[in-house]
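Enquirer: So I've got this file, structure.txt, and it contains compact mmCIF, C-alpha atoms:
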```txt
# COMPACT_ATOMS: atom_id res chain seq x y z
CA MET A 286 143.69 66.53 84.67
CA LEU A 287 147.10 66.03 86.24
CA GLU A 288 149.75 68.57 85.29
CA LEU A 289 152.67 67.26 83.27
CA LYS A 290 155.09 68.98 85.66
CA PHE A 291 153.38 67.24 88.60
CA ILE A 292 153.75 63.85 86.88
CA ARG A 293 157.44 64.50 86.17
CA GLU A 294 158.15 65.53 89.75
CA ASN A 295 155.95 62.88 91.41
CA LEU A 296 156.35 59.92 89.08
CA ASP A 297 156.35 57.28 91.83
CA LEU A 298 153.21 58.77 93.38
CA VAL A 299 151.35 58.72 90.05
CA ARG A 300 152.52 55.16 89.31
CA GLU A 301 151.26 54.04 92.72
CA ALA A 302 147.92 55.81 92.15
CA LEU A 303 147.47 53.99 88.83
CA LYS A 304 148.39 50.71 90.52
CA ARG A 305 145.75 51.34 93.21
CA ARG A 306 143.21 51.87 90.43
CA ASN A 307 144.43 48.65 88.75
CA LEU A 308 145.38 50.57 85.60
CA ASN A 309 148.43 50.09 83.42
CA LEU A 310 149.31 53.29 81.54
CA ASP A 311 152.63 53.90 79.80
CA LEU A 312 154.00 56.91 81.67
CA ASP A 313 157.49 56.27 80.26
CA ASN A 314 156.14 56.95 76.78
CA LEU A 315 154.61 60.22 78.00
CA LEU A 316 157.88 61.33 79.58
CA GLU A 317 159.86 60.37 76.47
CA ILE A 318 157.56 62.49 74.29
CA ASP A 319 157.78 65.30 76.83
CA ASN A 320 161.60 65.18 76.77
CA LYS A 321 161.61 65.42 72.98
CA ARG A 322 159.17 68.33 73.14
CA ARG A 323 161.27 70.16 75.71
CA LYS A 324 164.41 69.77 73.55
CA VAL A 325 162.53 71.14 70.54
CA LEU A 326 161.23 74.02 72.65
CA ALA A 327 164.71 74.85 73.93
CA GLU A 328 166.10 74.92 70.36
CA LEU A 329 163.15 77.00 69.22
CA GLU A 330 163.57 79.56 72.00
CA GLU A 331 167.29 79.83 71.25
CA LEU A 332 166.64 80.45 67.56
CA ARG A 333 163.89 82.96 68.33
CA ALA A 334 166.28 84.83 70.61
CA LYS A 335 168.89 84.92 67.83
CA LYS A 336 166.24 86.10 65.38
CA ASN A 337 165.26 88.94 67.74
CA GLU A 338 168.93 89.91 68.07
CA ALA A 339 169.28 89.90 64.27
CA ASN A 340 166.15 92.05 63.90
CA ASP A 341 167.62 94.55 66.36
CA GLU A 342 170.89 94.52 64.39
CA ILE A 343 169.07 95.11 61.09
CA SER A 344 167.18 98.03 62.65
CA ARG A 345 170.47 99.49 63.86
CA LEU A 346 172.08 99.12 60.43
CA LEU A 347 169.14 100.79 58.73
CA LYS A 348 169.27 103.71 61.16
CA GLU A 349 172.98 104.06 60.43
CA LYS A 350 172.17 103.86 56.70
CA LYS A 351 174.27 100.74 56.28
CA ASP A 352 173.47 97.76 54.03
CA PRO A 353 171.63 95.01 56.01
CA LYS A 354 171.52 92.47 53.12
CA GLU A 355 174.14 90.17 54.56
CA LYS A 356 172.36 90.06 57.89
CA ILE A 357 168.99 89.49 56.25
CA GLY A 358 170.47 86.64 54.21
CA SER A 359 171.82 84.95 57.34
CA MET A 360 168.32 85.04 58.86
CA LYS A 361 166.71 82.96 56.11
CA ASP A 362 168.15 79.69 57.37
CA SER A 363 167.06 80.59 60.92
CA ALA A 364 163.53 81.35 59.75
CA SER A 365 163.32 77.98 57.98
CA ALA A 366 164.58 76.16 61.10
CA ILE A 367 162.09 78.03 63.29
CA ASN A 368 159.19 77.03 61.03
CA SER A 369 160.30 73.39 61.11
CA LEU A 370 160.62 73.35 64.91
CA GLU A 371 157.23 75.06 65.35
CA LYS A 372 155.64 72.29 63.27
CA ASP A 373 157.34 69.66 65.44
CA LEU A 374 156.09 71.42 68.57
CA ASN A 375 152.55 71.57 67.19
CA ASN A 376 152.70 67.82 66.63
CA TYR A 377 153.88 67.06 70.16
CA ASP A 378 151.34 69.24 72.00
CA PRO A 379 148.10 67.41 71.02
CA LEU A 380 149.80 64.04 71.54
CA ILE A 381 150.78 64.96 75.09
CA GLN A 382 147.33 66.42 75.73
CA ARG A 383 145.67 63.20 74.56
CA ILE A 384 147.78 61.12 76.94
CA LEU A 385 147.17 63.50 79.86
CA PHE A 386 143.42 63.27 79.24
CA SER A 387 143.67 59.48 79.63
CA ILE A 388 145.25 59.63 83.12
CA PRO A 389 142.68 59.51 85.95
CA ASN A 390 142.74 61.48 89.18
CA ILE A 391 144.81 60.34 92.16
CA PRO A 392 142.67 58.62 94.82
CA HIS A 393 142.67 60.20 98.27
CA SER A 394 144.67 58.28 100.87
CA SER A 395 141.45 57.34 102.71
CA VAL A 396 140.01 55.50 99.69
CA PRO A 397 140.30 51.71 100.12
CA ALA A 398 142.27 49.89 97.40
CA GLY A 399 140.59 47.12 95.45
CA ASP A 400 137.47 46.25 93.48
CA ALA A 401 133.81 46.50 94.55
CA SER A 402 134.42 44.02 97.37
CA ALA A 403 136.67 46.64 99.01
CA ASN A 404 133.88 49.23 99.23
CA LYS A 405 133.29 50.24 102.82
CA ILE A 406 129.91 50.78 104.49
CA ILE A 407 130.38 53.93 106.59
CA ARG A 408 126.93 54.07 108.19
CA SER A 409 123.32 53.19 107.63
CA TRP A 410 120.04 54.89 108.48
CA GLY A 411 116.65 53.29 109.04
CA GLU A 412 115.72 49.63 109.03
CA PRO A 413 115.05 47.86 105.72
CA LYS A 414 111.35 47.03 105.67
CA LYS A 415 110.17 43.47 105.63
CA ILE A 416 106.96 43.41 103.60
CA GLU A 417 105.01 40.21 103.16
CA LYS A 418 104.40 39.42 99.51
CA ALA A 419 106.10 42.66 98.50
CA ARG A 420 105.41 43.73 94.93
CA SER A 421 108.05 45.22 92.69
CA HIS A 422 107.76 48.79 91.43
CA ILE A 423 106.91 47.35 88.00
CA GLU A 424 103.90 45.47 89.37
CA LEU A 425 102.80 48.44 91.47
CA ALA A 426 103.15 50.91 88.59
CA GLU A 427 101.16 48.73 86.22
CA HIS A 428 98.49 48.00 88.86
CA LEU A 429 98.02 51.72 89.58
CA ASP A 430 98.49 52.78 85.93
CA ILE A 431 101.08 55.42 86.86
CA ILE A 432 103.95 54.30 84.58
CA ASP A 433 103.51 52.90 81.07
CA PHE A 434 106.66 51.02 80.04
CA GLU A 435 105.26 49.59 76.80
CA ARG A 436 104.08 52.90 75.36
CA ALA A 437 107.34 54.58 76.42
CA ALA A 438 109.20 52.00 74.31
CA LYS A 439 106.76 52.58 71.42
CA ILE A 440 107.29 56.34 71.55
CA SER A 441 111.04 56.17 72.01
CA ALA A 442 112.90 52.91 72.72
CA SER A 443 113.37 50.43 75.54
CA ASN A 444 114.55 51.79 78.89
CA PHE A 445 112.70 55.09 78.57
CA ILE A 446 109.88 56.10 80.93
CA LEU A 447 106.33 57.39 80.48
CA TYR A 448 104.90 58.61 83.79
CA LYS A 449 101.14 59.09 83.99
CA GLY A 450 98.72 60.77 86.37
CA ASP A 451 99.89 60.52 89.98
CA GLY A 452 103.10 58.90 88.76
CA ALA A 453 103.98 62.08 86.87
CA ARG A 454 102.89 64.16 89.83
CA LEU A 455 105.02 62.11 92.22
CA GLU A 456 108.05 62.63 89.97
CA ARG A 457 107.41 66.39 89.87
CA ALA A 458 106.84 66.49 93.63
CA LEU A 459 110.16 64.78 94.25
CA TYR A 460 112.37 67.18 92.33
CA ASN A 461 110.47 70.24 93.54
CA PHE A 462 110.80 69.02 97.13
CA MET A 463 114.55 68.53 96.67
CA LEU A 464 115.09 71.93 95.06
CA ASP A 465 113.10 73.63 97.81
CA LEU A 466 115.11 71.81 100.49
CA HIS A 467 118.54 72.57 99.05
CA THR A 468 117.79 76.23 98.32
CA SER A 469 115.98 77.04 101.56
CA LYS A 470 117.91 74.89 104.05
CA HIS A 471 121.31 74.07 102.58
CA GLY A 472 122.37 77.36 100.97
CA TYR A 473 122.41 76.42 97.28
CA LYS A 474 121.50 78.81 94.47
CA GLU A 475 119.09 77.30 91.95
CA ILE A 476 120.18 77.17 88.30
CA PHE A 477 118.21 75.98 85.27
CA PRO A 478 120.93 75.14 82.72
CA PRO A 479 120.87 73.99 79.09
CA PHE A 480 120.34 70.28 78.53
CA LEU A 481 122.72 70.34 75.53
CA VAL A 482 126.40 71.20 75.97
CA ASN A 483 129.42 71.49 73.71
CA ARG A 484 132.49 69.27 73.51
CA ALA A 485 134.60 71.65 75.62
CA SER A 486 132.12 71.39 78.49
CA MET A 487 132.07 67.60 78.38
CA THR A 488 135.87 67.54 78.28
CA GLY A 489 136.15 69.96 81.18
CA THR A 490 134.31 67.69 83.61
CA GLY A 491 135.98 64.50 82.37
CA GLN A 492 133.23 62.74 80.40
CA LEU A 493 135.25 63.17 77.21
CA PRO A 494 137.17 61.67 75.64
CA LYS A 495 136.96 58.54 77.82
CA LEU A 496 133.16 58.10 78.01
CA GLU A 497 132.01 59.38 74.62
CA GLU A 498 130.36 56.09 73.67
CA ASP A 499 128.07 56.39 76.71
CA MET A 500 126.80 59.81 75.63
CA TYR A 501 124.02 60.90 73.30
CA ARG A 502 125.53 63.19 70.66
CA LEU A 503 123.95 65.43 68.03
CA LYS A 504 126.03 64.63 64.98
CA ASP A 505 125.37 67.80 62.99
CA ASP A 506 126.05 70.24 65.82
CA ASP A 507 128.62 68.29 67.90
CA LEU A 508 126.50 68.92 70.99
CA PHE A 509 125.81 66.36 73.72
CA LEU A 510 122.72 65.67 75.79
CA ILE A 511 123.90 66.08 79.37
CA PRO A 512 124.53 62.91 81.42
CA THR A 513 124.16 65.02 84.57
CA ALA A 514 123.72 68.69 85.51
CA GLU A 515 127.28 68.52 86.85
CA VAL A 516 128.46 69.29 83.30
CA PRO A 517 126.71 72.62 82.63
CA LEU A 518 126.97 73.75 86.27
CA THR A 519 130.72 73.17 86.53
CA ASN A 520 131.33 74.83 83.18
CA ILE A 521 129.60 78.04 84.22
CA PHE A 522 133.06 79.24 85.32
CA ARG A 523 135.16 77.58 82.61
CA ASP A 524 138.14 79.79 81.65
CA GLU A 525 137.35 82.22 84.48
CA SER A 526 139.08 83.35 87.68
CA LEU A 527 136.94 83.85 90.76
CA ASN A 528 137.69 86.07 93.72
CA GLU A 529 138.61 84.37 96.98
CA ASP A 530 135.69 86.12 98.68
CA ASP A 531 133.29 84.50 96.18
CA LEU A 532 134.04 81.03 97.57
CA PRO A 533 132.42 78.73 98.42
CA ILE A 534 129.80 78.73 95.66
CA TYR A 535 126.94 76.22 95.89
CA TYR A 536 124.68 75.52 92.88
CA THR A 537 121.74 73.14 92.53
CA ALA A 538 119.77 72.26 89.43
CA TYR A 539 117.01 70.00 88.26
CA THR A 540 117.60 68.49 84.81
CA ALA A 541 116.74 65.48 82.79
CA CYS A 542 119.85 63.31 82.31
CA PHE A 543 120.68 61.15 79.30
CA ARG A 544 122.97 58.12 79.20
CA ARG A 545 123.30 55.48 76.51
CA GLU A 546 124.69 52.96 79.03
CA ALA A 547 126.83 51.45 76.26
CA GLY A 548 127.89 47.92 77.08
CA SER A 549 125.08 47.34 79.59
CA TYR A 550 122.42 46.00 77.23
CA GLY A 551 120.61 43.00 78.61
CA LYS A 552 120.83 44.24 82.20
CA ASP A 553 117.67 45.41 83.98
CA THR A 554 115.74 45.68 80.73
CA ARG A 555 112.43 46.22 82.54
CA GLY A 556 111.51 48.78 85.12
CA LEU A 557 113.32 51.84 86.43
CA VAL A 558 116.64 50.43 87.62
CA ARG A 559 118.55 51.21 84.41
CA VAL A 560 117.07 53.83 82.10
CA HIS A 561 118.42 56.10 79.37
CA GLN A 562 116.62 59.25 80.53
CA PHE A 563 116.03 60.14 84.16
CA ASP A 564 115.47 63.20 86.33
CA LYS A 565 117.99 64.36 88.89
CA VAL A 566 118.63 67.23 91.25
CA GLU A 567 122.35 67.94 91.24
CA LEU A 568 124.54 69.70 93.81
CA VAL A 569 127.80 71.36 92.67
CA LYS A 570 130.37 73.21 94.78
CA PHE A 571 133.34 75.45 94.00
CA VAL A 572 135.54 75.72 97.09
CA LYS A 573 139.03 76.52 98.37
CA PRO A 574 141.44 73.54 98.37
CA GLU A 575 141.89 73.53 102.14
CA THR A 576 138.14 73.14 102.77
CA SER A 577 137.20 70.63 100.09
CA TYR A 578 137.08 67.49 102.23
CA ASP A 579 134.97 69.18 104.90
CA GLU A 580 132.73 70.36 102.06
CA LEU A 581 132.46 66.76 100.82
CA GLU A 582 131.09 65.62 104.19
CA LYS A 583 128.57 68.50 104.14
CA LEU A 584 127.57 67.56 100.61
CA VAL A 585 126.90 63.98 101.70
CA ALA A 586 124.82 65.26 104.64
CA ASN A 587 122.73 67.40 102.23
CA ALA A 588 121.93 64.33 100.12
CA GLU A 589 121.24 62.22 103.22
CA ALA A 590 118.73 64.82 104.41
CA VAL A 591 116.58 64.10 101.35
CA LEU A 592 116.39 60.38 102.12
CA GLN A 593 115.79 60.97 105.82
CA LEU A 594 112.90 63.35 105.15
CA LEU A 595 111.46 60.79 102.74
CA ASP A 596 111.96 58.15 105.49
CA LEU A 597 113.80 55.78 103.15
CA PRO A 598 116.29 53.30 104.64
CA TYR A 599 119.75 53.83 103.16
CA ARG A 600 123.42 53.12 103.65
CA LEU A 601 126.50 55.23 102.94
CA ASN A 602 129.19 53.47 100.93
CA LEU A 603 132.80 54.68 100.52
CA LEU A 604 133.91 53.53 97.07
CA SER A 605 137.16 51.68 96.51
CA THR A 606 139.81 52.71 94.01
CA GLY A 607 138.45 50.20 91.49
CA GLU A 608 134.96 51.71 91.68
CA LEU A 609 136.06 55.35 91.75
CA SER A 610 135.11 57.44 88.72
CA PHE A 611 137.81 58.69 86.37
CA ALA A 612 137.80 62.27 87.70
CA ALA A 613 137.14 61.70 91.42
CA SER A 614 139.64 61.61 94.27
CA LYS A 615 137.05 60.31 96.72
CA CYS A 616 133.43 59.28 96.34
CA TYR A 617 130.56 58.19 98.58
CA ASP A 618 127.48 56.40 97.24
CA LEU A 619 124.13 56.57 98.97
CA GLU A 620 122.10 53.41 98.43
CA ALA A 621 118.39 53.22 99.25
CA TYR A 622 116.76 49.87 100.00
CA ALA A 623 113.98 48.62 97.72
CA PRO A 624 112.08 45.71 99.35
CA GLY A 625 110.07 44.73 96.26
CA ILE A 626 113.18 43.74 94.34
CA ASP A 627 115.25 43.20 97.52
CA ARG A 628 118.14 45.40 96.37
CA TRP A 629 120.20 48.33 97.53
CA LEU A 630 120.06 50.94 94.78
CA GLU A 631 122.50 53.79 94.25
CA VAL A 632 120.54 57.03 94.38
CA SER A 633 123.41 59.46 94.93
CA SER A 634 127.15 59.72 94.32
CA CYS A 635 129.01 62.52 96.12
CA SER A 636 132.52 63.21 94.85
CA ASN A 637 135.48 65.47 95.49
CA PHE A 638 137.47 66.06 92.30
CA GLU A 639 140.01 68.32 94.02
CA SER A 640 141.59 70.43 91.21
CA PHE A 641 141.25 67.73 88.51
CA GLN A 642 138.21 69.21 86.74
CA ALA A 643 139.33 72.79 87.39
CA ARG A 644 142.59 72.16 85.53
CA ARG A 645 140.75 70.70 82.55
CA ALA A 646 138.19 73.53 82.57
CA ASN A 647 140.68 76.24 83.63
CA ILE A 648 138.73 77.46 86.67
CA LYS A 649 140.86 79.46 89.11
CA PHE A 650 140.52 81.84 92.01
CA ARG A 651 142.62 84.77 93.19
CA ARG A 652 143.90 84.45 96.74
CA THR A 653 145.35 87.32 98.78
CA THR A 654 148.32 86.19 100.88
CA ASP A 655 151.03 87.75 103.03
CA GLY A 656 153.92 89.35 101.16
CA PRO A 657 155.19 92.68 99.84
CA SER A 658 152.90 94.59 97.52
CA THR A 659 152.17 98.22 96.87
CA SER A 660 148.88 97.79 95.00
CA LEU A 661 147.22 95.52 97.58
CA GLY A 662 148.51 97.25 100.67
CA ALA A 663 151.52 96.60 102.88
CA GLY A 664 152.30 92.94 103.41
CA ALA A 665 149.81 91.59 100.86
CA ARG A 666 150.16 89.88 97.49
CA ARG A 667 147.80 88.04 95.18
CA THR A 668 148.26 84.49 93.85
CA THR A 669 146.12 82.45 91.48
CA GLU A 670 145.15 78.84 92.21
CA TYR A 671 142.77 76.24 90.84
CA VAL A 672 139.52 75.83 92.75
CA HIS A 673 138.38 72.43 94.02
CA THR A 674 135.10 71.18 92.56
CA LEU A 675 132.63 68.76 94.11
CA ASN A 676 129.32 67.36 92.99
CA GLY A 677 126.63 65.04 94.25
CA SER A 678 123.16 63.85 93.39
CA GLY A 679 120.69 65.43 95.70
CA VAL A 680 119.17 62.94 94.75
CA ALA A 681 118.63 61.00 91.50
CA LEU A 682 115.45 59.54 90.12
CA ALA A 683 114.24 57.00 88.92
CA ARG A 684 115.75 54.74 91.58
CA THR A 685 114.42 56.97 94.36
CA MET A 686 111.01 56.46 92.76
CA ILE A 687 111.55 52.68 93.02
CA ALA A 688 112.38 53.00 96.71
CA ILE A 689 109.29 55.10 97.42
CA LEU A 690 106.87 52.85 95.54
CA GLU A 691 108.25 49.69 97.11
CA ASN A 692 108.73 51.00 100.68
CA TYR A 693 105.35 52.74 100.85
CA GLN A 694 103.25 50.02 99.22
CA GLN A 695 100.20 48.75 101.05
CA PRO A 696 98.61 45.27 100.99
CA ASP A 697 95.82 46.55 98.72
CA GLY A 698 98.36 47.78 96.15
CA THR A 699 98.01 51.49 96.95
CA ILE A 700 100.98 53.75 97.78
CA VAL A 701 101.12 55.99 100.84
CA ILE A 702 102.59 59.35 99.83
CA PRO A 703 105.60 60.29 102.02
CA GLU A 704 104.65 63.05 104.41
CA ALA A 705 107.33 65.41 103.06
CA LEU A 706 105.72 65.22 99.60
CA ARG A 707 102.08 65.74 100.59
CA PRO A 708 102.20 69.54 100.27
CA TYR A 709 102.92 68.96 96.57
CA PHE A 710 99.78 66.81 96.36
CA ASN A 711 97.52 69.36 98.10
CA GLY A 712 97.54 67.14 101.18
CA LYS A 713 96.60 63.94 99.38
CA GLU A 714 97.84 60.94 101.38
CA ARG A 715 97.63 57.99 99.02
CA ILE A 716 98.01 56.98 95.37
CA ALA A 717 95.17 54.60 94.60
CA GLY A 718 95.10 54.53 90.82
```
Show how you would write the structure in this file as structure tokens.

Expert:
Amino acid sequence: MLELKFIRENLDLVREALKRRNLNLDLDNLLEIDNKRRKVLAELEELRAKKNEANDEISRLLKEKKDPKEKIGSMKDSASAINSLEKDLNNYDPLIQRILFSIPNIPHSSVPAGDASANKIIRSWGEPKKIEKARSHIELAEHLDIIDFERAAKISASNFILYKGDGARLERALYNFMLDLHTSKHGYKEIFPPFLVNRASMTGTGQLPKLEEDMYRLKDDDLFLIPTAEVPLTNIFRDESLNEDDLPIYYTAYTACFRREAGSYGKDTRGLVRVHQFDKVELVKFVKPETSYDELEKLVANAEAVLQLLDLPYRLNLLSTGELSFAASKCYDLEAYAPGIDRWLEVSSCSNFESFQARRANIKFRRTTDGPSTSLGAGARRTTEYVHTLNGSGVALARTMIAILENYQQPDGTIVIPEALRPYFNGKERIAG
């Protein structure tokens, strides 16, 4: 969330940021409402000050055993005016909050302006495989009997997955491999969070109110199935202040993720490209503002390491302003190549939100800086700032599953198990049905 004061003081900057995102929001309306609110607040504070003075005067009169009735009578009109202004203020506050929640983050200066055609390929790794008569992951899965799409739809609905046998084992191997890598090599602490979160958590990370129609919600409890582990992980520190020495904090988690994909019906109705429930290993960071863009590059490298160890060809894509998510200042997508369907598939998004999520979720840290102080020692003082938050997929399934099945397929229809995953198969080298 952008601060109202920041918008007032940097109106041209915010207008330009919205223009770069190709959005047309009425900031003049926001500022007009804000001006009215500030006038009401000024009147209210003046009346409250007069009320406090009158209370002091009444106390003095009582101590002097003088009659305070006249003074008490004069306060009645003030009390009525205060109540009226407080109601006005209570009406303005949620209106301003609603508008602020609709304003996206400001793109970083390095983000290219435009739609998807302005996305920029930063680098690529590995050569896309050319496989004669390549089968799609759907054909391979059905041939090997490792994914049952029809029974998944019978049990649940279309675009859900039922893994079987070595398919289920390959899925489990993938997220265990990723968790082991990120915790042992990249310095992340493993978390196993709830898969259901409250409205405050979804609002804190920016899914609500904008994306509510894409979420699965429990009507009776007003809880949401998580679209990503980013939500519970980021909200671990909601309404808390961290110590400077605690930062950076790195968390990783495996969760199932749930997305309704509202508005996308009819697209990729078969297979694993677009599903409503999928597994993902998430990476979340809480860092100091001055380090956040270095931390973003490290985050991307952590996700890349997964694809390199799986020996999957991929490319790194810097997203344009038109493709940037609502809360992100800068985002990279990692896209793995799938030869069976001849497509580049997004398997990871790595984003820096700067202080946008931290403001919504009220996550701060205490920094010790130079300055006079007696409690902290000579020349030291403590200030409070918002942390910067980052997150990335490290990486997401089921599209990584597509890439493995299609890149490792053999002419006889079997699948060679990537070497990095064989320890999770007790050394088994091939899925043969």

Enquirer: Under the rule that all atoms listed in the file are counted, which of A:Leu493, A:Leu594, A:Val672, A:Ala401 is the nearest residue to Val572 of chain A?

Expert: A:Val672

Enquirer: What gap, in Å, lies between atom CA of Ile702 of chain A and atom CA of Arg715 of chain A?

Expert: 5.2 Å

Enquirer: Given the point (115.6, 68.4, 94.2) in the file's coordinates, find the residues that have an atom at most 8 Å from it, counting only C-alpha atoms, and give them as a PyMOL selection string.

Expert: chain A and resi 459-467+537-539+565-567+679-680

Enquirer: Considering all atoms listed in the file, give me a table of residues in segment 593-661 of chain A that are at most 12 Å from segment 495-510 of chain A, with the closest atom pair and distance in Å for each, as a Markdown table.

Expert:
```
| residue | atom | partner | partner_atom | distance |
| --- | --- | --- | --- | --- |
| A:Ser610 | CA | A:Leu496 | CA | 10.9 |
| A:Phe611 | CA | A:Lys495 | CA | 8.6 |
| A:Ala612 | CA | A:Lys495 | CA | 10.6 |
```

Enquirer: Using all atoms listed in the file, find all polymer residues with an atom at most 10 Å away from the point (134.8, 83.6, 97.9); report them as JSON, numbers by chain.

Expert: {"A": [527, 528, 529, 530, 531, 532, 533, 534, 571, 572, 573, 650, 651, 652]}

Enquirer: Next, dump the selected residues to file, keeping only C-alpha atoms, as an mmCIF file, in the frame of the given file.

Expert:
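The resulting file, selection_10.cif, is reproduced below:
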```
data_model
loop_
_atom_site.group_PDB
_atom_site.id
_atom_site.type_symbol
_atom_site.label_atom_id
_atom_site.label_comp_id
_atom_site.auth_asym_id
_atom_site.auth_seq_id
_atom_site.Cartn_x
_atom_site.Cartn_y
_atom_site.Cartn_z
ATOM 1 C CA LEU A 527 136.940 83.850 90.760
ATOM 2 C CA ASN A 528 137.690 86.070 93.720
ATOM 3 C CA GLU A 529 138.610 84.370 96.980
ATOM 4 C CA ASP A 530 135.690 86.120 98.680
ATOM 5 C CA ASP A 531 133.290 84.500 96.180
ATOM 6 C CA LEU A 532 134.040 81.030 97.570
ATOM 7 C CA PRO A 533 132.420 78.730 98.420
ATOM 8 C CA ILE A 534 129.800 78.730 95.660
ATOM 9 C CA PHE A 571 133.340 75.450 94.000
ATOM 10 C CA VAL A 572 135.540 75.720 97.090
ATOM 11 C CA LYS A 573 139.030 76.520 98.370
ATOM 12 C CA PHE A 650 140.520 81.840 92.010
ATOM 13 C CA ARG A 651 142.620 84.770 93.190
ATOM 14 C CA ARG A 652 143.900 84.450 96.740
#
```

Enquirer: Quick one: residues within 9 Å of Pro574 of chain A, all atoms listed in the file counted, chain neighbours fewer than 4 positions away excluded, as JSON, numbers by chain?

Expert: {"A": [578, 639, 640, 670, 671, 672, 673, 674]}

Enquirer: Mind giving me the straight-line distance from atom CA of Glu456 of chain A to atom CA of Asp433 of chain A in Å, one decimal?

Expert: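 It comes out at 13.9 Å.
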
Enquirer: Quick one, how far is atom CA of Asp378 of chain A from atom CA of Thr519 of chain A?

Expert: 25.5 Å

Enquirer: Ranking A:Lys470, A:Arg484, A:Lys713, A:Arg684 by minimum distance to Gln562 of chain A and counting all atoms listed in the file, which one comes first?

Expert: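 Answer, going by the shortest atom-to-atom distance: A:Arg684.
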
Enquirer: Using only C-alpha atoms, which residues sit within 9 Å of segment 402-406 of chain A once same-chain residues fewer than 5 positions away are excluded, as a list in words?

Expert: Val396, Pro397, Arg600, Leu601, Asn602, Leu603, Leu604, Ser605, Thr606, Gly607 and Glu608 of chain A

Enquirer: Export, as a PDB file, in the coordinates of the input, the selected residues with C-alpha atoms.

Expert:
```pdb
ATOM      1  CA  VAL A 396     140.010  55.500  99.690  1.00  0.00           C
ATOM      2  CA  PRO A 397     140.300  51.710 100.120  1.00  0.00           C
ATOM      3  CA  ARG A 600     123.420  53.120 103.650  1.00  0.00           C
ATOM      4  CA  LEU A 601     126.500  55.230 102.940  1.00  0.00           C
ATOM      5  CA  ASN A 602     129.190  53.470 100.930  1.00  0.00           C
ATOM      6  CA  LEU A 603     132.800  54.680 100.520  1.00  0.00           C
ATOM      7  CA  LEU A 604     133.910  53.530  97.070  1.00  0.00           C
ATOM      8  CA  SER A 605     137.160  51.680  96.510  1.00  0.00           C
ATOM      9  CA  THR A 606     139.810  52.710  94.010  1.00  0.00           C
ATOM     10  CA  GLY A 607     138.450  50.200  91.490  1.00  0.00           C
ATOM     11  CA  GLU A 608     134.960  51.710  91.680  1.00  0.00           C
TER      12      GLU A 608
END
```

Enquirer: A:His561, A:Arg628, A:Lys351, A:Arg420: which is nearest Tyr599 of chain A, counting only C-alpha atoms?

Expert: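 Nearest candidate to Tyr599 of chain A out of A:His561, A:Arg628, A:Lys351, A:Arg420: A:Arg628.
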
Enquirer: Can we get segment 678-689 of chain A of that structure written down with N, CA and C atoms, as an mmCIF file, in the first residue's frame?

Expert:
```cif
data_model
loop_
_atom_site.group_PDB
_atom_site.id
_atom_site.type_symbol
_atom_site.label_atom_id
_atom_site.label_comp_id
_atom_site.auth_asym_id
_atom_site.auth_seq_id
_atom_site.Cartn_x
_atom_site.Cartn_y
_atom_site.Cartn_z
ATOM 1 N N SER A 678 8.719 -18.394 -6.248
ATOM 2 C CA SER A 678 8.467 -19.830 -6.295
ATOM 3 C C SER A 678 9.798 -20.536 -6.429
ATOM 4 N N GLY A 679 9.969 -21.555 -5.613
ATOM 5 C CA GLY A 679 11.277 -22.194 -5.632
ATOM 6 C C GLY A 679 11.316 -23.690 -5.870
ATOM 7 N N VAL A 680 10.546 -24.295 -6.760
ATOM 8 C CA VAL A 680 9.682 -23.686 -7.782
ATOM 9 C C VAL A 680 8.282 -24.291 -7.694
ATOM 10 N N ALA A 681 7.411 -23.928 -8.669
ATOM 11 C CA ALA A 681 6.020 -24.377 -8.646
ATOM 12 C C ALA A 681 5.827 -25.629 -9.495
ATOM 13 N N LEU A 682 4.949 -26.474 -9.008
ATOM 14 C CA LEU A 682 4.417 -27.582 -9.769
ATOM 15 C C LEU A 682 2.964 -27.175 -10.058
ATOM 16 N N ALA A 683 2.292 -27.586 -11.110
ATOM 17 C CA ALA A 683 2.544 -28.780 -11.872
ATOM 18 C C ALA A 683 3.312 -28.520 -13.161
ATOM 19 N N ARG A 684 3.637 -27.282 -13.483
ATOM 20 C CA ARG A 684 4.292 -27.032 -14.763
ATOM 21 C C ARG A 684 5.712 -27.568 -14.783
ATOM 22 N N THR A 685 6.367 -27.615 -13.620
ATOM 23 C CA THR A 685 7.685 -28.259 -13.577
ATOM 24 C C THR A 685 7.552 -29.746 -13.866
ATOM 25 N N MET A 686 6.448 -30.333 -13.407
ATOM 26 C CA MET A 686 6.179 -31.742 -13.735
ATOM 27 C C MET A 686 6.039 -31.918 -15.247
ATOM 28 N N ILE A 687 5.338 -31.007 -15.911
ATOM 29 C CA ILE A 687 5.220 -31.060 -17.377
ATOM 30 C C ILE A 687 6.605 -31.066 -18.014
ATOM 31 N N ALA A 688 7.454 -30.132 -17.569
ATOM 32 C CA ALA A 688 8.783 -30.006 -18.171
ATOM 33 C C ALA A 688 9.611 -31.268 -17.980
ATOM 34 N N ILE A 689 9.502 -31.883 -16.805
ATOM 35 C CA ILE A 689 10.268 -33.116 -16.559
ATOM 36 C C ILE A 689 9.753 -34.251 -17.440
#
```
